[in-house]
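What follows is one structure encoded as structure tokens, with my remarks underneath.
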Amino acid sequence: MIWPMPVGNLLYVGGRFQAQLSKLNIHTIGELAKADLELLRNKFGVRGESAWRCARGEDHEPVRSYYEPREAKSIGNSITFRRNLMDERDIRLGFTALAESVARRMRKQEVHCRRVQIQIRDANFRTLSRQVTLNRSVCLAKELTDIAMELAHEIWDFQRPVRLLSLTAEYLVPVTQDSEQLTFFPDAHQEQREKQGKLEDAMSGIRDRFGAGSIQLGGFLNNDLGLRKELTPSEDSEEDS
């Protein structure tokens, strides 16, 4: 009987995930198997459901080669800039570029995210990070930019020069499992999000058809930060938690 065994023995549960589960008084495989699935989905997204099904012996995923690409657990990117970012405007421009890259990849993988993490590194290589778990999922570049700036305001003195920015979307949720967001917002807010989503989809379609530089935000024109017309994303990071 495996239910008395520590939850960390499961394939889908790494050290950090085990610590997060323990805060919910889930310490054993049996306790995870008996946990409320909706609670796990809300807190951990796809990862929570995968662990729950594994604990119950309901993992029906086919056997795959070790070398076969896996579904990403997070999608992120970072930029080291040509010059230091000197003020809030520069930092917003940097996060906007990152958010566009991350949101584009989220659209391609048809996922939303429920946690956003940023990192900021100064010219002396001192790095600060902050993350937030959201009470709703997000998928738009504008949303990611606004959240990143809110986090930056919490940890950073905008008078300090910045050398590197990083933005990561975590707790990924397939679009097909995220229909609840359609009724979460007031009508006016939802309409605004839908318009922004259509705008970003249209811009992405133009870039796919005519090239990365065919359309871009005005702030990127003739910038001296080393922002290319289209960021080359680092590989999707696959966490062990």
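If you're wondering about the labels, chains in the structure tokens are A, B, ... by order shown, residues count from 1 in each chain, ligands from 1 in order shown.
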Listing only residues of region 84-202 of chain A within 7 Å of region 31-48 of chain A, what is the closest atom pair and its distance in Å (to one decimal) for each, using only C-alpha atoms, sorted by chain and residue number ascending, as a tab-separated table?
residue	atom	partner	partner_atom	distance
A:Tyr171	CA	A:Gly45	CA	5.2
A:Leu172	CA	A:Gly45	CA	6.1
A:Val173	CA	A:Gly45	CA	5.5
Q: Enumerate the residues of region 121-192 of chain A with a DSSP assignment of strand (DSSP E or B), computed from the backbone, and present them as a PyMOL selection string.
A: chain A and resi 121-122+127-138+162-174
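For Asp122 (chain A), the residues within 7 Å (counting only C-alpha atoms, excluding itself and residues fewer than 5 positions away along the chain) are Thr127, Pro161, Val162, Arg163 and Leu164 of chain A.
Here CA of Lys108 (chain A) stands at a distance of 26.0 Å from CA of Arg53 (chain A).
When only C-alpha atoms are used to compute distances to Arg92 (chain A), the closest of the residues A:Gln159, A:Asn124, A:Thr145, A:Ser22 turns out to be A:Thr145.
Residues in contact with Asn84 (chain A) at 12 Å, where only C-alpha atoms are counted and same-chain residues fewer than 3 positions away are skipped, are listed as Ile79, Thr80, Phe81, Asp87, Glu88, Asp90, Ile91, Gly94, Ile120, Arg121, Asp122, Ala123, Asn124, Phe125, Phe158, Gln159, Arg160, Pro161, Val162, Arg163, Leu164, Leu165, Asp224, Leu225 and Gly226 of chain A.
Shortest separation to Leu144 (chain A) among A:Arg104, A:Lys195, A:His27, A:Arg126 occurs at residue A:Arg104, atoms counted being only C-alpha atoms.
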Q.
Excluding Pro4 (chain A) and its own-chain neighbours fewer than 6 positions away, which residues fall within 8 Å of it when counting only C-alpha atoms? Please give them as a ChimeraX atom specification.
A. /A:28-30
Write a file of the selected residues as a PDB file, in the first residue's frame, keeping N, CA and C atoms.
ATOM      1  N   THR A  28       1.035  12.851   2.906  1.00  0.00           N
ATOM      2  CA  THR A  28       1.184  11.496   2.376  1.00  0.00           C
ATOM      3  C   THR A  28       0.476  11.369   1.029  1.00  0.00           C
ATOM      4  N   ILE A  29       0.803  10.300   0.326  1.00  0.00           N
ATOM      5  CA  ILE A  29       0.155  10.047  -0.959  1.00  0.00           C
ATOM      6  C   ILE A  29      -1.346   9.865  -0.766  1.00  0.00           C
ATOM      7  N   GLY A  30      -1.733   9.191   0.319  1.00  0.00           N
ATOM      8  CA  GLY A  30      -3.149   8.981   0.597  1.00  0.00           C
ATOM      9  C   GLY A  30      -3.892  10.278   0.840  1.00  0.00           C
TER      10      GLY A  30
END
